[in-house]
>>> print(open('final-v2.cif').read())   # mmCIF, C-alpha atoms
data_data
#
loop_
_atom_site.label_atom_id
_atom_site.label_comp_id
_atom_site.auth_asym_id
_atom_site.auth_seq_id
_atom_site.Cartn_x
_atom_site.Cartn_y
_atom_site.Cartn_z
CA MET Q 1 9.21 -8.39 1.95
CA ARG Q 2 8.09 -9.62 -1.44
CA GLN Q 3 4.34 -10.24 -1.38
CA SER Q 4 3.42 -11.37 -4.87
CA VAL Q 5 4.86 -11.64 -8.34
CA ARG Q 6 2.49 -12.13 -11.24
CA ARG Q 7 2.97 -12.14 -14.97
CA VAL Q 8 -0.06 -11.91 -17.20
CA LEU Q 9 0.33 -11.38 -20.91
CA PHE Q 10 -2.58 -10.50 -23.15
CA ALA Q 11 -2.61 -11.07 -26.87
CA ALA Q 12 -4.58 -7.89 -27.43
CA VAL Q 13 -3.05 -4.79 -25.88
CA GLY Q 14 -4.43 -2.12 -28.19
CA SER Q 15 -7.58 -0.05 -28.09
CA THR Q 16 -9.81 -3.13 -27.71
CA ALA Q 17 -8.09 -4.14 -24.49
CA VAL Q 18 -8.31 -0.59 -23.15
CA ALA Q 19 -12.02 -0.53 -23.89
CA MET Q 20 -12.49 -3.91 -22.18
CA ALA Q 21 -10.65 -2.68 -19.08
CA GLY Q 22 -12.78 0.44 -19.00
CA ALA Q 23 -15.96 -1.59 -19.40
CA SER Q 24 -14.95 -3.87 -16.54
CA LEU Q 25 -14.38 -0.91 -14.25
CA ALA Q 26 -17.59 0.74 -15.34
CA GLN Q 27 -19.52 -2.37 -14.29
CA ASP Q 28 -18.25 -1.85 -10.74
CA SER Q 29 -20.13 1.31 -9.79
CA GLU Q 30 -18.15 1.53 -6.56
CA SER Q 31 -14.76 1.76 -8.25
CA GLN Q 32 -13.22 5.21 -8.36
CA ILE Q 33 -10.27 4.29 -10.59
CA PRO Q 34 -10.39 6.60 -13.63
CA THR Q 35 -10.46 5.21 -17.16
CA ALA Q 36 -9.38 8.44 -18.86
CA GLY Q 37 -6.98 11.26 -18.16
CA GLU Q 38 -4.66 13.94 -19.51
CA LYS Q 39 -3.08 13.11 -22.86
CA VAL Q 40 0.33 14.74 -22.46
CA GLU Q 41 2.41 15.99 -25.35
CA GLY Q 42 5.64 14.02 -25.64
CA ALA Q 43 4.55 11.37 -23.12
CA PRO Q 44 5.74 8.89 -22.12
CA PHE Q 45 9.21 9.81 -23.39
CA GLU Q 46 9.45 13.45 -22.32
CA VAL Q 47 6.96 15.32 -20.17
CA LYS Q 48 7.06 18.91 -18.96
CA ARG Q 49 5.47 19.59 -15.57
CA ASP Q 50 5.46 22.65 -13.33
CA TRP Q 51 8.42 21.27 -11.35
CA GLY Q 52 10.58 20.48 -14.41
CA THR Q 53 10.98 17.99 -17.27
CA PHE Q 54 10.67 14.24 -16.94
CA LYS Q 55 12.64 12.15 -19.44
CA LEU Q 56 11.88 8.43 -19.56
CA ALA Q 57 15.01 6.34 -18.89
CA ASP Q 58 16.54 4.96 -22.09
CA ARG Q 59 16.27 1.32 -20.95
CA ILE Q 60 12.55 1.75 -20.27
CA ALA Q 61 11.97 3.72 -23.47
CA GLU Q 62 13.50 0.88 -25.48
CA LYS Q 63 11.10 -1.60 -23.88
CA VAL Q 64 8.10 0.59 -24.60
CA LYS Q 65 9.07 1.15 -28.24
CA ALA Q 66 9.43 -2.60 -28.68
CA GLY Q 67 6.22 -3.38 -26.79
CA GLU Q 68 8.17 -5.47 -24.28
CA THR Q 69 6.89 -6.37 -20.81
CA ILE Q 70 7.65 -3.77 -18.15
CA ASN Q 71 8.38 -4.33 -14.46
CA TYR Q 72 5.68 -2.71 -12.33
CA VAL Q 73 6.28 -2.46 -8.58
CA PHE Q 74 3.88 -1.47 -5.82
CA SER Q 75 5.41 -0.43 -2.51
CA TYR Q 76 3.03 0.03 0.41
CA GLN Q 77 3.22 0.80 4.12
CA ALA Q 78 2.96 -2.63 5.70
CA SER Q 79 1.84 -6.19 5.07
CA GLY Q 80 0.83 -6.98 8.66
CA ILE Q 81 -1.78 -4.34 9.62
CA PRO Q 82 -5.26 -5.77 10.36
CA LEU Q 83 -8.00 -4.76 7.88
CA PHE Q 84 -5.68 -2.53 5.88
CA SER Q 85 -3.04 -4.94 4.57
CA PRO Q 86 -5.31 -7.67 3.14
CA GLN Q 87 -7.37 -5.07 1.26
CA TYR Q 88 -4.25 -3.38 -0.10
CA GLN Q 89 -2.81 -6.70 -1.28
CA LEU Q 90 -6.06 -7.59 -3.04
CA GLY Q 91 -6.15 -4.13 -4.59
CA PHE Q 92 -2.62 -4.60 -5.91
CA GLU Q 93 -3.65 -7.85 -7.60
CA MET Q 94 -6.65 -6.14 -9.17
CA GLY Q 95 -4.41 -3.32 -10.40
CA CYS Q 96 -2.03 -5.83 -11.98
CA GLU Q 97 -4.91 -7.33 -13.97
CA LEU Q 98 -6.21 -3.92 -15.01
CA GLY Q 99 -2.76 -2.78 -16.06
CA ASN Q 100 -2.13 -5.92 -18.08
CA ALA Q 101 -5.32 -5.32 -20.04
CA ILE Q 102 -3.66 -2.15 -21.33
CA TYR Q 103 0.05 -3.01 -21.54
CA PRO Q 104 1.97 -6.21 -20.63
CA MET Q 105 3.59 -5.97 -17.22
CA GLU Q 106 5.20 -8.16 -14.62
CA CYS Q 107 3.94 -7.11 -11.19
CA ALA Q 108 5.53 -7.24 -7.75
CA SER Q 109 4.43 -5.83 -4.40
CA ILE Q 110 6.82 -5.06 -1.55
CA ALA Q 111 6.13 -3.91 2.00
CA PRO Q 112 7.60 -4.07 5.51
CA VAL Q 113 5.56 -6.15 7.96
CA GLN Q 114 4.82 -3.05 10.04
CA ASN Q 115 5.19 0.64 9.22
CA ASP Q 116 8.90 1.31 8.71
CA PRO Q 117 9.68 4.03 6.15
CA ASN Q 118 13.41 3.30 6.25
CA GLN Q 119 12.84 -0.36 5.40
CA GLN Q 120 10.33 0.65 2.73
CA VAL Q 121 12.97 2.86 1.10
CA SER Q 122 15.54 0.07 1.39
CA GLN Q 123 13.22 -2.37 -0.38
CA ILE Q 124 12.78 0.10 -3.23
CA GLU Q 125 16.53 0.75 -3.36
CA ALA Q 126 17.20 -3.00 -3.69
CA LYS Q 127 15.01 -3.24 -6.76
CA LEU Q 128 16.45 -0.08 -8.24
CA ALA Q 129 19.95 -1.54 -7.94
CA THR Q 130 18.99 -4.42 -10.24
CA ASN Q 131 16.85 -2.38 -12.68
CA GLU Q 132 13.68 -4.18 -11.56
CA ILE Q 133 11.54 -1.03 -11.58
CA ASP Q 134 10.21 0.39 -14.84
CA CYS Q 135 7.23 2.09 -13.19
CA ILE Q 136 6.21 2.27 -9.54
CA SER Q 137 3.31 3.17 -7.28
CA ILE Q 138 4.09 4.02 -3.66
CA GLU Q 139 1.87 4.33 -0.61
CA PRO Q 140 3.95 6.43 1.80
CA VAL Q 141 3.78 6.20 5.60
CA SER Q 142 3.73 9.99 5.82
CA SER Q 143 3.54 12.93 3.45
CA ASP Q 144 7.33 13.35 3.34
CA ALA Q 145 8.60 9.82 3.99
CA MET Q 146 8.99 8.98 0.28
CA THR Q 147 9.59 12.45 -1.16
CA ALA Q 148 13.34 12.08 -1.63
CA ILE Q 149 13.23 8.68 -3.34
CA THR Q 150 10.19 9.71 -5.41
CA ASN Q 151 12.02 12.75 -6.76
CA ARG Q 152 15.18 10.72 -7.33
CA MET Q 153 13.36 8.09 -9.40
CA MET Q 154 11.56 10.74 -11.44
CA ASP Q 155 14.93 12.41 -12.07
CA GLU Q 156 16.27 9.03 -13.23
CA GLY Q 157 13.38 8.61 -15.68
CA ILE Q 158 11.27 6.10 -13.74
CA PRO Q 159 7.56 7.05 -13.65
CA VAL Q 160 6.21 7.34 -10.10
CA PHE Q 161 2.63 7.44 -8.87
CA THR Q 162 1.63 7.62 -5.20
CA ALA Q 163 -1.54 6.60 -3.40
CA GLY Q 164 -3.25 6.48 -0.04
CA VAL Q 165 -1.47 9.35 1.69
CA THR Q 166 -1.13 12.98 0.64
CA SER Q 167 2.39 13.33 -0.75
CA ARG Q 168 4.61 16.26 -1.60
CA GLY Q 169 6.90 14.70 -4.20
CA HIS Q 170 7.13 15.11 -7.99
CA GLU Q 171 5.00 12.06 -8.75
CA PHE Q 172 2.67 12.26 -11.74
CA THR Q 173 -0.45 11.60 -9.66
CA ASN Q 174 -1.17 11.36 -5.94
CA PHE Q 175 -4.28 9.15 -5.82
CA THR Q 176 -5.78 9.73 -2.40
CA GLN Q 177 -8.21 11.62 -0.19
CA VAL Q 178 -7.73 15.24 0.97
CA PRO Q 179 -7.59 15.10 4.80
CA MET Q 180 -9.18 18.46 5.66
CA LYS Q 181 -12.04 17.81 3.25
CA GLU Q 182 -12.49 14.34 4.77
CA GLY Q 183 -12.81 15.83 8.25
CA THR Q 184 -15.29 18.43 7.03
CA TYR Q 185 -17.38 15.81 5.25
CA ALA Q 186 -17.36 13.60 8.35
CA ALA Q 187 -18.57 16.49 10.50
CA GLU Q 188 -21.32 17.34 8.03
CA THR Q 189 -22.47 13.72 8.14
CA VAL Q 190 -22.58 13.81 11.94
CA LEU Q 191 -24.39 17.16 12.02
CA LYS Q 192 -27.06 15.79 9.69
CA TRP Q 193 -27.44 12.72 11.93
CA ILE Q 194 -27.77 14.95 15.01
CA LYS Q 195 -30.51 16.99 13.33
CA ASP Q 196 -32.36 14.02 11.85
CA ASN Q 197 -32.35 12.10 15.14
CA GLY Q 198 -33.02 14.95 17.59
CA LYS Q 199 -29.64 14.56 19.29
CA ASP Q 200 -29.19 18.28 19.97
CA ASP Q 201 -27.96 17.49 23.48
CA ILE Q 202 -24.66 16.14 22.10
CA LYS Q 203 -22.07 18.78 22.96
CA VAL Q 204 -18.91 16.99 24.13
CA PHE Q 205 -16.61 15.50 21.49
CA ALA Q 206 -13.20 13.82 21.30
CA VAL Q 207 -10.89 12.98 18.40
CA SER Q 208 -8.51 10.01 18.27
CA GLY Q 209 -6.44 7.74 16.07
CA GLY Q 210 -3.64 5.21 15.79
CA ASP Q 211 -1.10 7.93 15.06
CA PRO Q 212 -2.67 11.37 15.60
CA THR Q 213 0.55 13.19 14.67
CA GLN Q 214 0.35 12.20 11.00
CA PHE Q 215 -0.59 14.85 8.44
CA TRP Q 216 -3.67 12.94 7.26
CA ALA Q 217 -4.83 12.32 10.83
CA GLN Q 218 -4.34 15.98 11.73
CA GLY Q 219 -6.38 17.07 8.71
CA ARG Q 220 -9.25 14.71 9.45
CA MET Q 221 -9.31 15.86 13.09
CA LYS Q 222 -9.04 19.56 12.35
CA GLY Q 223 -11.64 19.50 9.58
CA PHE Q 224 -14.02 17.67 11.92
CA HIS Q 225 -13.33 19.97 14.89
CA ASP Q 226 -13.64 23.22 12.96
CA THR Q 227 -16.88 22.22 11.20
CA ILE Q 228 -18.54 21.00 14.41
CA MET Q 229 -17.55 24.18 16.28
CA ALA Q 230 -18.89 26.38 13.48
CA ALA Q 231 -22.25 24.62 13.69
CA ILE Q 232 -22.36 24.11 17.50
CA PRO Q 233 -20.52 27.08 19.05
CA ASP Q 234 -21.07 25.82 22.61
CA ALA Q 235 -19.58 22.38 21.84
CA THR Q 236 -16.52 21.19 23.78
CA PHE Q 237 -13.66 19.05 22.48
CA VAL Q 238 -11.84 17.07 25.18
CA THR Q 239 -9.15 16.36 22.56
CA THR Q 240 -8.40 18.19 19.31
CA GLU Q 241 -5.85 17.79 16.52
CA GLU Q 242 -3.33 19.31 18.94
CA ASN Q 243 -3.67 16.53 21.51
CA GLY Q 244 -5.61 13.73 19.81
CA LEU Q 245 -5.99 10.53 21.80
CA ASN Q 246 -3.33 8.07 20.63
CA THR Q 247 -4.95 4.63 20.47
CA SER Q 248 -2.27 2.64 18.56
CA TYR Q 249 -3.19 0.22 15.76
CA GLU Q 250 -3.29 -2.86 18.00
CA PRO Q 251 -6.87 -4.07 18.61
CA GLY Q 252 -6.45 -5.11 22.25
CA LYS Q 253 -4.47 -2.04 23.20
CA THR Q 254 -6.90 0.25 21.36
CA PHE Q 255 -9.85 -1.26 23.25
CA ASP Q 256 -8.11 -0.77 26.60
CA ILE Q 257 -7.20 2.86 25.79
CA TYR Q 258 -10.77 3.72 24.82
CA ARG Q 259 -12.18 2.00 27.90
CA SER Q 260 -9.81 3.93 30.17
CA PHE Q 261 -10.50 7.18 28.34
CA LEU Q 262 -14.27 6.83 28.65
CA THR Q 263 -13.97 5.92 32.33
CA ALA Q 264 -11.82 9.01 32.96
CA ASN Q 265 -14.04 11.27 30.80
CA PRO Q 266 -17.66 10.29 31.55
CA ASN Q 267 -18.97 13.48 29.94
CA VAL Q 268 -17.74 12.54 26.42
CA GLN Q 269 -20.67 11.92 24.07
CA PHE Q 270 -19.05 11.51 20.67
CA ILE Q 271 -15.71 10.08 19.50
CA GLN Q 272 -14.09 10.47 16.11
CA ASN Q 273 -11.54 7.79 15.17
CA VAL Q 274 -9.60 8.73 12.03
CA ASP Q 275 -8.37 5.28 10.97
CA ILE Q 276 -9.16 1.63 11.78
CA GLY Q 277 -9.92 1.74 15.52
CA ALA Q 278 -13.56 2.82 15.78
CA GLU Q 279 -14.83 -0.72 16.23
CA HIS Q 280 -12.74 -0.99 19.41
CA ALA Q 281 -14.22 2.24 20.72
CA ASP Q 282 -17.60 0.66 19.97
CA ARG Q 283 -16.65 -2.43 22.00
CA ALA Q 284 -15.48 -0.24 24.89
CA ILE Q 285 -18.81 1.61 24.84
CA GLU Q 286 -20.69 -1.69 25.03
CA SER Q 287 -18.47 -3.05 27.79
CA LEU Q 288 -19.20 0.03 29.92
CA GLY Q 289 -22.92 -0.01 29.22
CA LEU Q 290 -22.79 3.37 27.47
CA GLU Q 291 -24.96 2.48 24.47
CA GLY Q 292 -27.20 5.43 23.65
CA LYS Q 293 -24.92 7.77 25.59
CA VAL Q 294 -21.71 7.73 23.53
CA TYR Q 295 -21.48 7.51 19.73
CA THR Q 296 -18.65 7.16 17.25
CA ILE Q 297 -17.53 7.55 13.66
CA GLY Q 298 -14.55 5.88 12.02
CA TRP Q 299 -12.69 5.34 8.78
CA ASN Q 300 -12.47 2.31 6.52
CA SER Q 301 -14.84 -0.62 6.23
CA SER Q 302 -14.75 -3.50 8.70
CA LYS Q 303 -17.24 -6.04 9.99
CA GLY Q 304 -16.98 -4.67 13.52
CA GLN Q 305 -17.86 -1.15 12.42
CA LEU Q 306 -20.75 -2.32 10.25
CA ASP Q 307 -22.10 -4.32 13.20
CA ALA Q 308 -21.85 -1.23 15.43
CA ILE Q 309 -23.69 0.92 12.89
CA GLU Q 310 -26.51 -1.61 12.89
CA LYS Q 311 -26.57 -1.50 16.71
CA GLY Q 312 -26.81 2.30 16.66
CA ILE Q 313 -23.49 2.88 18.44
CA GLN Q 314 -21.52 4.06 15.42
CA VAL Q 315 -23.10 6.75 13.26
CA ALA Q 316 -21.06 6.15 10.10
CA LEU Q 317 -17.86 4.80 8.65
CA PHE Q 318 -16.00 6.64 5.91
CA ASP Q 319 -14.72 4.42 3.13
CA GLN Q 320 -11.61 5.83 1.45
CA ARG Q 321 -11.53 2.92 -1.00
CA TRP Q 322 -8.36 1.07 0.01
CA PRO Q 323 -8.55 -1.47 -2.85
CA ASP Q 324 -8.80 1.35 -5.40
CA GLN Q 325 -5.78 3.11 -3.90
CA ALA Q 326 -3.72 -0.06 -4.14
CA ALA Q 327 -5.01 -0.85 -7.64
CA PHE Q 328 -4.45 2.59 -9.13
CA GLY Q 329 -0.75 2.17 -9.97
CA GLY Q 330 -1.24 -0.74 -12.39
CA PRO Q 331 -3.52 1.02 -14.88
CA ALA Q 332 -1.78 4.37 -14.23
CA CYS Q 333 1.60 2.96 -15.27
CA ALA Q 334 0.09 1.12 -18.24
CA GLU Q 335 -1.85 4.14 -19.52
CA PHE Q 336 1.21 6.38 -19.20
CA LEU Q 337 3.64 4.05 -20.95
CA LYS Q 338 1.23 2.77 -23.60
CA ASN Q 339 -0.85 5.86 -24.39
CA GLY Q 340 0.97 8.84 -22.87
CA VAL Q 341 -2.01 9.46 -20.57
CA ILE Q 342 -1.74 10.56 -16.93
CA LEU Q 343 -4.69 9.28 -14.92
CA PRO Q 344 -6.02 11.86 -12.41
CA ASN Q 345 -6.89 11.67 -8.72
CA THR Q 346 -10.61 10.86 -8.67
CA GLN Q 347 -10.91 9.73 -5.05
CA THR Q 348 -13.89 10.86 -2.99
CA LEU Q 349 -14.89 9.77 0.50
CA LYS Q 350 -18.01 7.64 0.88
CA ALA Q 351 -20.10 7.73 4.07
CA VAL Q 352 -21.70 4.44 5.04
CA THR Q 353 -24.64 4.97 7.39
CA ALA Q 354 -27.36 2.60 8.60
CA ASP Q 355 -29.16 2.45 5.26
CA GLY Q 356 -25.97 1.47 3.45
CA VAL Q 357 -24.73 -1.30 5.75
CA GLU Q 358 -26.10 -4.20 3.70
CA GLN Q 359 -24.43 -3.01 0.50
CA ALA Q 360 -21.17 -2.20 2.30
CA ARG Q 361 -21.11 -5.62 3.94
CA ALA Q 362 -21.63 -7.37 0.60
CA GLU Q 363 -18.84 -5.32 -0.95
CA LEU Q 364 -16.46 -5.99 1.95
CA ASN Q 365 -17.17 -9.73 1.72
CA LYS Q 366 -16.43 -9.58 -2.00
CA VAL Q 367 -13.15 -7.76 -1.41
CA LEU Q 368 -12.15 -10.29 1.27
CA GLY Q 369 -13.20 -13.22 -0.92
CA GLU Q 370 -15.90 -14.39 1.48
#
>>> encode(input="final-v2.cif", output="structure tokens")
Amino acid sequence: MRQSVRRVLFAAVGSTAVAMAGASLAQDSESQIPTAGEKVEGAPFEVKRDWGTFKLADRIAEKVKAGETINYVFSYQASGIPLFSPQYQLGFEMGCELGNAIYPMECASIAPVQNDPNQQVSQIEAKLATNEIDCISIEPVSSDAMTAITNRMMDEGIPVFTAGVTSRGHEFTNFTQVPMKEGTYAAETVLKWIKDNGKDDIKVFAVSGGDPTQFWAQGRMKGFHDTIMAAIPDATFVTTEENGLNTSYEPGKTFDIYRSFLTANPNVQFIQNVDIGAEHADRAIESLGLEGKVYTIGWNSSKGQLDAIEKGIQVALFDQRWPDQAAFGGPACAEFLKNGVILPNTQTLKAVTADGVEQARAELNKVLGE
């Protein structure tokens, strides 16, 4: 499904434009998109990496040598997921602008409506068949879903960058969080909250998510579980990464699952949600009158979660910077093809707690254009 096609040409594409792009990013203190990276010998035409040698396809090399516009494509998981998809689409548009400030590019985003790795591959294949991809950024559904096509494109001389999900392909950069570290950081945030608020009676935990079998979900759950258990040896986990509560990604269904789970497990005191569903756990807690008895944490910024943090139901949300993930590919492709620079993974997780709600809400409104 083609989401957007934009063509923006800048008269200045040399060092002045690069400096302007860097200055623009620097003004946004929240942005984690790097403005500098590894200057690689031979890049962009021939690059040696630990997995082998990349040789830029002749048709793309000719464009670069002539300074001609390149076709940049962003392929992401899905266009119809609440919270996630609008922020990823806006990030793509930002990345197109940032990339064009460095090197002229025509941008297109493609995505299935819902997660479907086979359709995602088919969409990429369709563009490959007509030589519409000169550089690509991919957000995979899982760590291995795009490995084969990533390696194939790199073998064919098409630069590939990935974002959003830990990937095991031969891409130049995987711009994303590290799941185990995320889980550890989340647990450390909760442990600090427990200490600061005298909540030492909290001993019973549960972990959950829209798809708890995914590599990233497993890492966030395991990192959280292991860190909590190390600090609170007598803690109990009703669910762990081995049997995490599957909530789905559908708001209504997620609410019902949490409500049923809390009714069946009245001893649970703390719930970790590893994706977009924490606000529905918060609603379930309110509907059952469990405020002050059950607390949550969740990932990714949303109005519902920010409201729940203000109410004292949710301890924190963990912002993995969706817009930055979606934007990364534009400047990454431009820097590689224009300057032979490979931008690094500079993503870090940001905890939003009660004292950061106002700033997070303003930023979310800005991202959503409100």
>>> residues_around(input="final-v2.cif", residues="segment 250-255 of chain Q", least_positions_apart="3", cutoff="12 Å", atoms="all atoms listed in the file", output="number ranges by chain")
Q: 80-83, 114, 208-211, 245-247, 258-262, 273, 275-288, 304
>>> resolve_selection(input="final-v2.cif", expression="the PyMOL selection byres ((chain Q and resi 45) around 12)", output="PyMOL selection string")
chain Q and resi 40-44+46-48+53-65+157-159+336-341
>>> closest_residue(input="final-v2.cif", among="Q:Leu364, Q:Met154, Q:Val357, Q:Leu349", to="Gln177 of chain Q", atoms="only C-alpha atoms")
Q:Leu349
>>> residues_around(input="final-v2.cif", residues="Ile138 of chain Q", least_positions_apart="4", cutoff="9 Å", atoms="only C-alpha atoms", output="list in words")
Val73, Phe74, Ser75, Tyr76, Gln77, Met146, Thr150, Val160, Phe161, Thr162, Ala163, Gly164, Ala326 and Gly329 of chain Q
>>> closest_residue(input="final-v2.cif", among="Q:Gln87, Q:Gln305, Q:Thr348, Q:Pro331", to="Arg361 of chain Q", atoms="all atoms listed in the file")
Q:Gln305
>>> closest_residue(input="final-v2.cif", among="Q:Leu90, Q:Arg168, Q:Asn265, Q:Ala148", to="Gly369 of chain Q", atoms="all atoms listed in the file")
Q:Leu90
>>> residues_around(input="final-v2.cif", residues="segment 121-129 of chain Q", least_positions_apart="4", cutoff="12 Å", atoms="only C-alpha atoms", output="ChimeraX atom specification")
/Q:1-3,71-78,108-113,115-117,133-141,145-150,152-153,156-158,160
>>> residues_around(input="final-v2.cif", residues="Gly99 of chain Q", least_positions_apart="3", cutoff="7 Å", atoms="all atoms listed in the file", output="PyMOL selection string")
chain Q and resi 95-96+102-103+330-331+334
>>> write_last_selection(input="final-v2.cif", atoms="C-alpha atoms", output="CSV table (one decimal), in the frame of the given file")
chain,number,residue,atom,x,y,z
Q,95,GLY,CA,-4.4,-3.3,-10.4
Q,96,CYS,CA,-2.0,-5.8,-12.0
Q,102,ILE,CA,-3.7,-2.2,-21.3
Q,103,TYR,CA,0.0,-3.0,-21.5
Q,330,GLY,CA,-1.2,-0.7,-12.4
Q,331,PRO,CA,-3.5,1.0,-14.9
Q,334,ALA,CA,0.1,1.1,-18.2
>>> atom_distance(input="final-v2.cif", atom1="atom CA of Glu97 of chain Q", atom2="atom CA of Glu38 of chain Q")
22.0 Å
>>> resolve_selection(input="final-v2.cif", expression="the PyMOL selection byres ((chain Q and resi 182) around 12)", output="PyMOL selection string")
chain Q and resi 176-181+183-189+216-225+227+274-275+298-299+317-320+347-351
>>> resolve_selection(input="final-v2.cif", expression="the PyMOL selection byres ((chain Q and resi 346) around 7)", output="PDB file with C-alpha atoms, in the coordinates of the input")
ATOM      1  CA  GLN Q  32     -13.220   5.210  -8.360  1.00  0.00           C
ATOM      2  CA  ILE Q  33     -10.270   4.290 -10.590  1.00  0.00           C
ATOM      3  CA  PRO Q  34     -10.390   6.600 -13.630  1.00  0.00           C
ATOM      4  CA  PRO Q 344      -6.020  11.860 -12.410  1.00  0.00           C
ATOM      5  CA  ASN Q 345      -6.890  11.670  -8.720  1.00  0.00           C
ATOM      6  CA  GLN Q 347     -10.910   9.730  -5.050  1.00  0.00           C
ATOM      7  CA  THR Q 348     -13.890  10.860  -2.990  1.00  0.00           C
TER       8      THR Q 348
END
>>> atom_distance(input="final-v2.cif", atom1="atom CA of Val315 of chain Q", atom2="atom CA of Ile297 of chain Q")
5.6 Å
